[in-house]
Amino acid sequence: MAADQPSTHTVQVLDISFRNSTSGFTVLRLLEGASAEPYSARGSIPFDVRKGDVLCIRGTWGVHPRFGRQFEIESAATEVPVTAQGIATYLESRGVRGVGKRLAQRVVDAFGASALQRIEMDPDCLQLVKGLGKKRALALSAAVRSGRAEQETLVALSTFGLTSGQCAALIAAFGAAAPSVVQRNPWSLVERLRGIGFKTADEFAQRAGIPVEAPQRMSAALKHVLLLAQHQGHSALPPCTLVETAVELTGLPAPLLQAALIEAVTNDQVRVHSHGPTLLASTPALSSAEEFVAARIRKIASLPAPERIPLVNAANIPFTTEQESAAQLLLSSRCAVLTGGPGVGKTTVLRAVVDSFLVAGRKLALASPTGRAAKRLSEVVQQPASTLHRLFGLVPGLVNAVGSGLGQAADVLLIDETSMVDLTLMQQVLKELPEQTVLLLTGDADQLPPVGPGRVFADLISSAVVPVSRLTQVHRQAAGSAIVSNAHRVLHGQPPVFATHSKDNDCFFMERNNATEGAELIADLFLRRLPTRYGLDPHTDIQILTPMHSGPVGTHQLNALMQSGLHHPETSPVSKHEALRQGDRVMMTRNDYTLGIMNGDVGMVLSWNWSARSAEVAFDGRSVALSGQALDDLVPAYAMTVHKSQGSEYPAVILALFQEHHLMLRRNLLYTAMTRAKQLLVIVGQSTALSQAVRDGRQASRYGFLEARLRGADVHRCAPRELDMLLNLGGAAPDL
């Protein structure tokens with residue numbers, strides 16, 4: 001759209017074409033002046049809109065290529081109608097049963113332009129209107145007062161500089177109390193409302209006149225730092241790091257934040273534990289999760305071994321000694337782990353173990369942390385598999401919210417891709433899992449840790465609390481693949497050996513001097529070379545992986561580059577954040593339990609309705625209608641981060657690897673990316689970046705005490721006075 005200068009208009013609502021109550025996004029038909037032509041407007045409106053409402057809107061005019069001239073609403077507020085016709089339409093639209101056009105007109109005839117004021121001040125006056133009984137009169141006066149209260153709430157919120165979308169979210173969450181919530185403690189909104197961070201809450205607080213040394217601000221800063229650490233995979237932080245980061249965030253002196261931490265521990269808003277000389281602070285939720293997971297795993301491992309199940313080899317595939325030993329371990333353990341890299345026969349072992357349990361009449365539940373991983377597991381073992389969320393009916397913060405009961409009824413639960421399971425999800429699963437159920441965990445321990453907090457799979461293996469089988473012998477068939485052999489070379493710190501440019505080879509490295517040249521080559525490979533040479537479809541067969549979102553070879557710019565090179569019948573965006581088009585491959589970035597779409601699920605845009613701002617998207621063959629906030633949670637998925645690709649395999653992978661990614665160039669990231677490719681891997685980058693990734697074998701260590709708890713070590717919870725003393729002595733932080 002070509003936009004002009006912002007302007008303000010007083011309009012009356014003729015019709016509401018679309019309204020998303022969650023995001024506030026609305027498409028309206030408006031009338032400005034009795035003799036003017038109606039026109040369309042669209043934007044986020046933070047309150048319920050009804051036909052007949054009078055609005056004061058501010059925004060810009062533009063011309064949409066499909067729907068013509070439209071007004072883009074930047075802000076909106078309700079106004080009291082002043083004309084007789086406007087008041088009658090307003091009363092009719094209040095939604096009071098039995099109050100239609102005729103009764104509304106009688107009210108206006110009785111009281112004229114002061115009708116609304118009379119109704120608010122003296123509801124009993126409505127009983128003078130013929131045909132309007134006491135019950136209807138009370139309902140109408142309540143509706144008018146409610147509209148006034150909503151307007152006053154919006155006026156109060158507008159003083160804090162909130163956007164329309166933020167106002168809508170606040171009113172939906174707190175109603176008329178929203179302004180007082182912002183006035184008392186705007187930092188409480190950080191955890192409750194999307195799009196409001198600590199700095200934004202600070203701005204609200206400044207407008208509200210709250211002092212920078214307010215206790216609630218310091219408490220919120222500590223919580224916010226722990227939340228940021230959680231997003232980086234940590235389940236805890238050293239108290240000294242917590243305080244130092246909060247000092248940077250708030251600009252307050254360290255003694256004040258240290259005192260705030262002691263107070264937070266006193267009020268059980270933060271918990272601090274020690275193990276040896278190490279101190280770690282965590283949220284009560286993650287502290288409890290660590291304690292529960294460790295205790296439940298230790299309990300399961302301590303139970304008597306189940307009856308041994310005979311090994312069945314229905315596929316008649318010759319086992320190696322290593323594979324047979326691994327299968328026997330899984331079939332005879334109460335809780336066990338199977339791990340190994342590509343080509344070592346995990347699939348063969350899993351197939352045999354699943355067949356053995358089924359032949360023995362055991363009820364078997366197969367699950368993975370993501371839909372893509374579950375689909376892959378189902379294909380591998382030729383049995384139905386589900387996500388853990390669907391198997392147990394899990395919703396964040398609520399155990400058994402849906403309550404499918406399928407996981408609870410199983411004799412054996414086998415979780416694949418367990419390296420992707422974070423601490424919170426494992427806690428939810430173990431809360432639902434009966435203690436007598438056999439728990440088998442499989443995955444590749446050398447891949448990246450989960451996106452969420454903790455590293456449960458790695459901690460389980462290193463703690464030795466349950467038996468572990470690690471497959472290491474590469475099969476002869478797999479050994480013929482350069483992808484497999486190079487992945488194992490990288491795993492052992494050896495540089496990969498790349499083939500010449502022959503169609504029979506499956507692993508290549510193409511060097512470019514800089515990221516800009518690399519992005520051009522990636523686009524050429526994706527759009528032309530690989531489809532032409534190998535018959536691959538760029539829409540479905542080729543996945544671009546990169547370590548980061550930003551930069552010339554980050555997901556944002558690479559996705560835009562691929563989109564511009566692909567032919568699309570329409571170019572209209574379906575999201576205010578991303579220019580998604582019909583036919584685009586997209587990924588969900590948030591769990592939506594109502595729609596049954598999880599964070600990381602990949603689909604394709606089938607169609608959209610611009611005026612309603614909705615789209616049809618296919619996920620695993622299932623068409624889902626998305627609108628409002630759900631639509632904003634979609635991003636293009638031609639390129640994705642290596643982290644997001646975990647649990648999936650693709651016919652062809654193009655991996656970007658440049659010095660721009662130096663902070664993330666580690667061996668496990670390179671190894672994870674390489675093992676996503678089934679048939680073809682092309683690494684585009686700089687040899688220096690590749691060498692750095694191979695050399696840096698450091699694991700992505702994370703702060704937390706899960707491994708110590710699994711081992712049964714003494715993890716002591718510190719009292720406030722004890723913590724005060726330890727902090728003054730300079731509590732040690734573990735060396736990562």
# chains A, B, ... in the order shown; residues from 1 in each chain; ligands from 1

call {"tool": "residues_around", "arguments": {"residues": "Glu379 (chain A)", "least_positions_apart": "5", "cutoff": "12 Å", "atoms": "only C-alpha atoms", "output": "CSV table (one decimal) with C-alpha atoms, in the first residue's frame"}}
result
chain,number,residue,atom,x,y,z
A,347,THR,CA,16.2,-48.0,13.6
A,350,LEU,CA,13.8,-50.0,17.7
A,351,ARG,CA,11.9,-52.0,15.1
A,366,LEU,CA,5.3,-44.4,21.0
A,372,ARG,CA,7.6,-34.2,12.7
A,373,ALA,CA,9.6,-36.5,14.9
A,374,ALA,CA,6.5,-38.5,15.8
A,384,PRO,CA,1.2,-45.3,15.3
A,385,ALA,CA,3.2,-42.6,17.1
A,386,SER,CA,2.1,-39.4,18.7

call {"tool": "residues_around", "arguments": {"residues": "Glu72 (chain A)", "least_positions_apart": "2", "cutoff": "6 Å", "atoms": "only C-alpha atoms", "output": "mmCIF file with N, CA, C and O atoms, in the first residue's frame"}}
result
data_model
loop_
_atom_site.group_PDB
_atom_site.id
_atom_site.type_symbol
_atom_site.label_atom_id
_atom_site.label_comp_id
_atom_site.auth_asym_id
_atom_site.auth_seq_id
_atom_site.Cartn_x
_atom_site.Cartn_y
_atom_site.Cartn_z
ATOM 1 N N ALA A 41 -12.167 0.123 6.603
ATOM 2 C CA ALA A 41 -11.006 0.403 7.450
ATOM 3 C C ALA A 41 -10.614 -0.893 8.151
ATOM 4 O O ALA A 41 -11.448 -1.776 8.374
ATOM 5 N N ARG A 42 -9.338 -0.996 8.485
ATOM 6 C CA ARG A 42 -8.837 -2.201 9.137
ATOM 7 C C ARG A 42 -7.732 -1.831 10.117
ATOM 8 O O ARG A 42 -7.002 -0.860 9.909
ATOM 9 N N GLY A 43 -7.633 -2.587 11.204
ATOM 10 C CA GLY A 43 -6.578 -2.344 12.181
ATOM 11 C C GLY A 43 -6.936 -2.949 13.523
ATOM 12 O O GLY A 43 -7.998 -3.567 13.694
ATOM 13 N N GLY A 59 -5.160 7.303 11.531
ATOM 14 C CA GLY A 59 -4.372 6.396 10.716
ATOM 15 C C GLY A 59 -4.050 7.001 9.375
ATOM 16 O O GLY A 59 -4.023 8.233 9.219
ATOM 17 N N THR A 60 -3.819 6.143 8.379
ATOM 18 C CA THR A 60 -3.431 6.610 7.050
ATOM 19 C C THR A 60 -4.269 5.932 5.980
ATOM 20 O O THR A 60 -4.735 4.807 6.153
#

call {"tool": "residues_around", "arguments": {"residues": "region 418-428 of chain A", "least_positions_apart": "6", "cutoff": "10 Å", "atoms": "only C-alpha atoms", "output": "MDAnalysis selection string"}}
result
chainID A and resid 233:235 285:286 288:294 296 337:339 367:370 373 388:389 392:400 440:458 643 646:647 706

call {"tool": "closest_atom_pairs", "arguments": {"of": "region 582-642 of chain A", "to": "region 537-548 of chain A", "cutoff": "10 Å", "atoms": "only C-alpha atoms", "output": "Markdown table"}}
result
| residue | atom | partner | partner_atom | distance |
| --- | --- | --- | --- | --- |
| A:Gly583 | CA | A:His539 | CA | 8.1 |
| A:Asp584 | CA | A:His539 | CA | 7.5 |
| A:Arg585 | CA | A:His539 | CA | 6.7 |
| A:Gly603 | CA | A:Thr540 | CA | 9.9 |
| A:Met604 | CA | A:His539 | CA | 8.9 |
| A:Ala637 | CA | A:Gln543 | CA | 8.3 |
| A:Tyr638 | CA | A:Gln543 | CA | 6.0 |
| A:Ala639 | CA | A:Ile544 | CA | 4.4 |
| A:Met640 | CA | A:Leu545 | CA | 5.3 |
| A:Thr641 | CA | A:Thr546 | CA | 5.0 |
| A:Val642 | CA | A:Leu545 | CA | 5.6 |

call {"tool": "residues_around", "arguments": {"residues": "region 78-85 of chain A", "least_positions_apart": "3", "cutoff": "7 Å", "atoms": "only C-alpha atoms", "output": "PyMOL selection string"}}
result
chain A and resi 54-56+88-89+108+112-113+151

call {"tool": "write_last_selection", "arguments": {"atoms": "N, CA and C atoms", "output": "compact mmCIF listing (two decimals), in the first residue's frame"}}
result
# COMPACT_ATOMS: atom_id res chain seq x y z
N VAL A 54 -19.91 5.08 17.51
CA VAL A 54 -19.21 6.24 16.97
C VAL A 54 -17.76 6.15 17.43
N LEU A 55 -16.83 6.21 16.48
CA LEU A 55 -15.41 6.07 16.78
C LEU A 55 -14.63 7.29 16.34
N CYS A 56 -13.59 7.58 17.07
CA CYS A 56 -12.59 8.54 16.62
C CYS A 56 -11.37 7.72 16.23
N ALA A 88 -29.97 6.30 18.55
CA ALA A 88 -30.89 5.18 18.34
C ALA A 88 -30.14 3.94 17.86
N THR A 89 -29.24 4.13 16.91
CA THR A 89 -28.44 3.01 16.39
C THR A 89 -27.56 2.43 17.49
N VAL A 108 -35.18 7.49 22.18
CA VAL A 108 -34.67 8.78 21.68
C VAL A 108 -35.80 9.79 21.59
N GLY A 112 -34.56 12.59 23.71
CA GLY A 112 -33.78 13.42 22.80
C GLY A 112 -32.29 13.16 22.88
N ALA A 113 -31.51 14.23 22.65
CA ALA A 113 -30.04 14.12 22.60
C ALA A 113 -29.43 13.78 23.95
N GLN A 151 -15.12 2.75 27.85
CA GLN A 151 -14.52 3.95 27.28
C GLN A 151 -13.57 4.61 28.29

call {"tool": "residues_around", "arguments": {"residues": "Cys125 (chain A)", "least_positions_apart": "3", "cutoff": "12 Å", "atoms": "only C-alpha atoms", "output": "ChimeraX atom specification"}}
result
/A:107,110-111,115-122,128-130,132-134,137-138,140-141

call {"tool": "closest_residue", "arguments": {"among": "A:Ala327, A:Leu126, A:Met218, A:Val144", "to": "Ala259 (chain A)", "atoms": "only C-alpha atoms"}}
result
A:Met218

call {"tool": "residues_around", "arguments": {"residues": "Gly175 (chain A)", "least_positions_apart": "5", "cutoff": "12 Å", "atoms": "only C-alpha atoms", "output": "PyMOL selection string"}}
result
chain A and resi 46-48+146+149-154+157+167-170+180-181

call {"tool": "write_last_selection", "arguments": {"atoms": "all heavy atoms", "output": "CSV table (one decimal), in the first residue's frame"}}
result
chain,number,residue,atom,x,y,z
A,46,PRO,N,-8.9,-2.0,20.5
A,46,PRO,CA,-8.7,-2.6,21.8
A,46,PRO,C,-10.0,-2.8,22.6
A,46,PRO,O,-10.0,-2.9,23.8
A,46,PRO,CB,-7.7,-1.8,22.5
A,46,PRO,CG,-8.0,-0.4,22.0
A,46,PRO,CD,-8.4,-0.6,20.5
A,47,PHE,N,-11.2,-2.8,21.9
A,47,PHE,CA,-12.4,-2.9,22.6
A,47,PHE,C,-13.5,-3.5,21.7
A,47,PHE,O,-13.3,-3.5,20.4
A,47,PHE,CB,-12.9,-1.5,23.1
A,47,PHE,CG,-12.9,-0.4,22.1
A,47,PHE,CD1,-14.0,-0.2,21.2
A,47,PHE,CD2,-11.8,0.4,22.0
A,47,PHE,CE1,-13.9,0.8,20.3
A,47,PHE,CE2,-11.7,1.4,21.0
A,47,PHE,CZ,-12.8,1.6,20.2
A,48,ASP,N,-14.5,-4.0,22.2
A,48,ASP,CA,-15.6,-4.6,21.4
A,48,ASP,C,-16.3,-3.5,20.6
A,48,ASP,O,-16.6,-2.4,21.1
A,48,ASP,CB,-16.7,-5.3,22.3
A,48,ASP,CG,-16.2,-6.6,22.8
A,48,ASP,OD1,-15.3,-7.2,22.2
A,48,ASP,OD2,-16.6,-7.0,23.9
A,146,SER,N,-22.0,0.0,31.0
A,146,SER,CA,-20.8,-0.9,30.6
A,146,SER,C,-20.0,-0.2,29.5
A,146,SER,O,-18.8,-0.2,29.5
A,146,SER,CB,-21.3,-2.3,30.2
A,146,SER,OG,-20.2,-3.0,29.8
A,149,ALA,N,-18.0,2.6,30.9
A,149,ALA,CA,-16.9,2.1,31.7
A,149,ALA,C,-15.8,1.7,30.8
A,149,ALA,O,-14.6,1.9,31.1
A,149,ALA,CB,-17.4,1.0,32.6
A,150,GLU,N,-16.1,1.0,29.7
A,150,GLU,CA,-15.1,0.5,28.8
A,150,GLU,C,-14.4,1.7,28.2
A,150,GLU,O,-13.1,1.7,28.0
A,150,GLU,CB,-15.8,-0.3,27.7
A,150,GLU,CG,-14.8,-1.0,26.8
A,150,GLU,CD,-15.5,-1.9,25.8
A,150,GLU,OE1,-16.0,-1.4,24.8
A,150,GLU,OE2,-15.4,-3.1,26.0
A,151,GLN,N,-15.1,2.8,27.9
A,151,GLN,CA,-14.5,4.0,27.3
A,151,GLN,C,-13.6,4.6,28.3
A,151,GLN,O,-12.5,5.0,27.9
A,151,GLN,CB,-15.6,4.9,26.9
A,151,GLN,CG,-15.1,6.2,26.2
A,151,GLN,CD,-16.2,7.1,25.7
A,151,GLN,OE1,-17.3,7.0,26.2
A,151,GLN,NE2,-15.9,8.0,24.8
A,152,GLU,N,-14.0,4.7,29.5
A,152,GLU,CA,-13.2,5.3,30.6
A,152,GLU,C,-11.9,4.4,30.8
A,152,GLU,O,-10.8,5.0,31.0
A,152,GLU,CB,-13.9,5.4,31.9
A,152,GLU,CG,-15.1,6.4,31.8
A,152,GLU,CD,-15.9,6.4,33.0
A,152,GLU,OE1,-15.8,5.5,33.9
A,152,GLU,OE2,-16.8,7.3,33.2
A,153,THR,N,-12.0,3.1,30.7
A,153,THR,CA,-10.9,2.2,30.8
A,153,THR,C,-9.8,2.5,29.7
A,153,THR,O,-8.6,2.6,30.0
A,153,THR,CB,-11.3,0.8,30.8
A,153,THR,OG1,-12.2,0.5,31.9
A,153,THR,CG2,-10.1,-0.2,30.9
A,154,LEU,N,-10.4,2.7,28.5
A,154,LEU,CA,-9.5,3.0,27.4
A,154,LEU,C,-8.8,4.3,27.5
A,154,LEU,O,-7.6,4.4,27.2
A,154,LEU,CB,-10.3,2.9,26.1
A,154,LEU,CG,-10.6,1.5,25.5
A,154,LEU,CD1,-11.7,1.6,24.5
A,154,LEU,CD2,-9.4,0.9,25.0
A,157,LEU,N,-6.0,3.9,30.0
A,157,LEU,CA,-4.9,3.1,29.5
A,157,LEU,C,-4.1,3.9,28.5
A,157,LEU,O,-2.9,3.7,28.4
A,157,LEU,CB,-5.4,1.8,28.8
A,157,LEU,CG,-5.9,0.7,29.8
A,157,LEU,CD1,-6.5,-0.4,29.0
A,157,LEU,CD2,-4.7,0.2,30.6
A,167,CYS,N,-3.7,-2.7,24.6
A,167,CYS,CA,-5.0,-2.3,25.3
A,167,CYS,C,-6.0,-3.5,25.2
A,167,CYS,O,-6.6,-3.8,26.2
A,167,CYS,CB,-5.6,-1.1,24.7
A,167,CYS,SG,-4.7,0.5,25.2
A,168,ALA,N,-6.1,-4.1,24.0
A,168,ALA,CA,-7.1,-5.1,23.9
A,168,ALA,C,-6.7,-6.3,24.8
A,168,ALA,O,-7.6,-6.9,25.4
A,168,ALA,CB,-7.1,-5.6,22.4
A,169,ALA,N,-5.4,-6.6,24.8
A,169,ALA,CA,-5.0,-7.8,25.6
A,169,ALA,C,-5.2,-7.5,27.1
A,169,ALA,O,-5.6,-8.4,27.9
A,169,ALA,CB,-3.5,-8.1,25.4
A,170,LEU,N,-4.9,-6.2,27.5
A,170,LEU,CA,-5.1,-5.9,28.9
A,170,LEU,C,-6.6,-5.9,29.4
A,170,LEU,O,-6.9,-6.4,30.4
A,170,LEU,CB,-4.5,-4.5,29.2
A,170,LEU,CG,-3.0,-4.4,29.4
A,170,LEU,CD1,-2.6,-2.9,29.3
A,170,LEU,CD2,-2.7,-4.9,30.8
A,180,SER,N,-5.5,0.1,36.8
A,180,SER,CA,-4.9,0.0,38.1
A,180,SER,C,-3.8,-1.0,38.2
A,180,SER,O,-2.8,-0.9,38.9
A,180,SER,CB,-6.0,-0.4,39.2
A,180,SER,OG,-6.5,-1.6,38.9
A,181,VAL,N,-3.9,-2.1,37.4
A,181,VAL,CA,-2.8,-3.1,37.3
A,181,VAL,C,-1.6,-2.4,36.7
A,181,VAL,O,-0.5,-2.6,37.3
A,181,VAL,CB,-3.2,-4.3,36.4
A,181,VAL,CG1,-2.0,-5.2,36.1
A,181,VAL,CG2,-4.3,-5.1,37.1

call {"tool": "residues_around", "arguments": {"residues": "region 688-703 of chain A", "least_positions_apart": "4", "cutoff": "7 Å", "atoms": "only C-alpha atoms", "output": "list in words"}}
result
Gly233, His234, Ser235, Ala236, Leu237, Gly454, Val490, Gly493, Gln494, Pro495, Leu657, Phe658, Gln659, Leu665, Arg666, Arg667, Leu670 and Leu736 of chain A

call {"tool": "write_last_selection", "arguments": {"atoms": "C-alpha atoms", "output": "JSON list (two decimals), in the first residue's frame"}}
result
[["chain", "number", "residue", "atom", "x", "y", "z"],
["A", 233, "GLY", "CA", 18.39, -23.28, 28.09],
["A", 234, "HIS", "CA", 19.42, -22.77, 31.72],
["A", 235, "SER", "CA", 17.23, -24.00, 34.55],
["A", 236, "ALA", "CA", 19.17, -21.84, 37.05],
["A", 237, "LEU", "CA", 21.80, -19.09, 37.30],
["A", 454, "GLY", "CA", 17.73, -28.22, 30.92],
["A", 490, "VAL", "CA", 33.02, -34.36, 12.78],
["A", 493, "GLY", "CA", 36.88, -33.81, 15.87],
["A", 494, "GLN", "CA", 38.15, -34.73, 12.40],
["A", 495, "PRO", "CA", 37.57, -32.49, 9.36],
["A", 657, "LEU", "CA", 28.30, -21.74, 7.69],
["A", 658, "PHE", "CA", 30.10, -18.38, 7.88],
["A", 659, "GLN", "CA", 32.18, -16.40, 10.34],
["A", 665, "LEU", "CA", 30.11, -22.52, 15.57],
["A", 666, "ARG", "CA", 30.39, -25.67, 17.64],
["A", 667, "ARG", "CA", 30.79, -29.30, 16.78],
["A", 670, "LEU", "CA", 27.48, -28.85, 12.74],
["A", 736, "LEU", "CA", 30.93, -23.49, 31.93]]

call {"tool": "select_by_dssp", "arguments": {"residues": "region 14-91 of chain A", "states": "helix (DSSP H, G or I)", "output": "CSV table (one decimal) with N, CA, C and O atoms, in the first residue's frame"}}
result
chain,number,residue,atom,x,y,z
A,84,ALA,N,-29.6,12.2,17.0
A,84,ALA,CA,-30.7,11.3,17.4
A,84,ALA,C,-30.6,9.9,16.7
A,84,ALA,O,-30.8,8.9,17.3
A,85,GLN,N,-30.3,9.9,15.4
A,85,GLN,CA,-30.1,8.7,14.6
A,85,GLN,C,-29.0,7.9,15.2
A,85,GLN,O,-29.1,6.7,15.4
A,86,GLY,N,-27.9,8.6,15.5
A,86,GLY,CA,-26.7,7.9,16.1
A,86,GLY,C,-27.0,7.2,17.4
A,86,GLY,O,-26.6,6.1,17.7
A,87,ILE,N,-27.7,8.0,18.3
A,87,ILE,CA,-28.1,7.4,19.6
A,87,ILE,C,-29.0,6.2,19.5
A,87,ILE,O,-28.8,5.2,20.1
A,88,ALA,N,-30.0,6.3,18.6
A,88,ALA,CA,-30.9,5.2,18.3
A,88,ALA,C,-30.1,3.9,17.9
A,88,ALA,O,-30.4,2.8,18.3
A,89,THR,N,-29.2,4.1,16.9
A,89,THR,CA,-28.4,3.0,16.4
A,89,THR,C,-27.6,2.4,17.5
A,89,THR,O,-27.4,1.2,17.6
A,90,TYR,N,-27.0,3.3,18.3
A,90,TYR,CA,-26.1,2.9,19.4
A,90,TYR,C,-26.9,2.0,20.4
A,90,TYR,O,-26.5,1.0,20.8
A,91,LEU,N,-28.1,2.5,20.8
A,91,LEU,CA,-28.9,1.7,21.8
A,91,LEU,C,-29.4,0.4,21.2
A,91,LEU,O,-29.4,-0.7,21.8

call {"tool": "closest_residue", "arguments": {"among": "A:Pro215, A:His275, A:Ala142, A:Thr10", "to": "Leu252 (chain A)", "atoms": "only C-alpha atoms"}}
result
A:Pro215

call {"tool": "atom_distance", "arguments": {"atom1": "CA of Ala214 (chain A)", "atom2": "CA of Thr245 (chain A)"}}
result
17.7 Å

call {"tool": "atom_distance", "arguments": {"atom1": "CA of Leu303 (chain A)", "atom2": "CA of Val715 (chain A)"}}
result
23.5 Å

call {"tool": "closest_residue", "arguments": {"among": "A:Leu521, A:Leu103, A:Ile309, A:Ala630", "to": "Phe25 (chain A)", "atoms": "only C-alpha atoms"}}
result
A:Ala630

call {"tool": "atom_distance", "arguments": {"atom1": "CA of Asp724 (chain A)", "atom2": "CA of Pro239 (chain A)"}}
result
10.7 Å

call {"tool": "closest_residue", "arguments": {"among": "A:Gln473, A:Ser623, A:Asn267, A:Gln679", "to": "Thr321 (chain A)", "atoms": "only C-alpha atoms"}}
result
A:Gln473

call {"tool": "closest_residue", "arguments": {"among": "A:Val270, A:Glu92, A:Leu257, A:Gly704", "to": "Gln105 (chain A)", "atoms": "only C-alpha atoms"}}
result
A:Glu92

call {"tool": "decode", "arguments": {"residues": "region 95-157 of chain A", "atoms": "C-alpha atoms", "output": "compact mmCIF listing (two decimals), in the first residue's frame"}}
result
# COMPACT_ATOMS: atom_id res chain seq x y z
CA GLY A 95 -27.19 -6.46 22.37
CA VAL A 96 -30.13 -6.24 24.79
CA ARG A 97 -32.70 -8.87 23.93
CA GLY A 98 -35.92 -7.31 22.68
CA VAL A 99 -34.48 -3.82 22.15
CA GLY A 100 -34.57 -3.33 18.40
CA LYS A 101 -34.87 -0.37 16.08
CA ARG A 102 -38.42 0.54 17.13
CA LEU A 103 -37.83 0.53 20.91
CA ALA A 104 -34.50 2.34 20.52
CA GLN A 105 -36.24 5.08 18.54
CA ARG A 106 -38.91 5.41 21.27
CA VAL A 107 -36.14 6.02 23.87
CA VAL A 108 -34.67 8.78 21.68
CA ASP A 109 -38.14 10.27 21.07
CA ALA A 110 -38.67 10.36 24.85
CA PHE A 111 -35.36 11.90 25.91
CA GLY A 112 -33.78 13.42 22.80
CA ALA A 113 -30.04 14.12 22.60
CA SER A 114 -29.66 13.63 26.37
CA ALA A 115 -30.93 10.03 26.26
CA LEU A 116 -27.63 8.39 27.14
CA GLN A 117 -26.92 10.73 30.06
CA ARG A 118 -30.48 10.23 31.41
CA ILE A 119 -30.13 6.43 31.19
CA GLU A 120 -26.82 6.46 33.06
CA MET A 121 -27.95 8.84 35.80
CA ASP A 122 -31.52 7.59 36.25
CA PRO A 123 -32.11 4.06 34.90
CA ASP A 124 -35.68 4.15 36.23
CA CYS A 125 -36.56 6.78 33.62
CA LEU A 126 -36.65 4.03 30.99
CA GLN A 127 -39.80 2.67 32.55
CA LEU A 128 -41.58 5.71 31.09
CA VAL A 129 -40.92 4.38 27.58
CA LYS A 130 -43.87 2.43 26.23
CA GLY A 131 -43.10 -1.26 25.64
CA LEU A 132 -39.86 -1.22 27.64
CA GLY A 133 -40.51 -3.30 30.75
CA LYS A 134 -38.50 -3.18 33.96
CA LYS A 135 -36.27 -6.15 33.04
CA ARG A 136 -35.37 -4.74 29.64
CA ALA A 137 -34.91 -1.26 31.09
CA LEU A 138 -32.41 -2.55 33.65
CA ALA A 139 -30.53 -4.54 30.99
CA LEU A 140 -30.34 -1.54 28.66
CA SER A 141 -29.11 0.83 31.37
CA ALA A 142 -26.46 -1.74 32.41
CA ALA A 143 -25.30 -2.04 28.80
CA VAL A 144 -24.99 1.74 28.46
CA ARG A 145 -23.04 2.02 31.73
CA SER A 146 -20.79 -0.85 30.63
CA GLY A 147 -20.01 0.97 27.39
CA ARG A 148 -19.15 4.11 29.35
CA ALA A 149 -16.92 2.11 31.73
CA GLU A 150 -15.10 0.54 28.78
CA GLN A 151 -14.52 3.95 27.28
CA GLU A 152 -13.15 5.28 30.57
CA THR A 153 -10.86 2.24 30.84
CA LEU A 154 -9.47 2.95 27.37
CA VAL A 155 -8.91 6.62 28.18
CA ALA A 156 -7.05 5.63 31.35
CA LEU A 157 -4.89 3.10 29.49
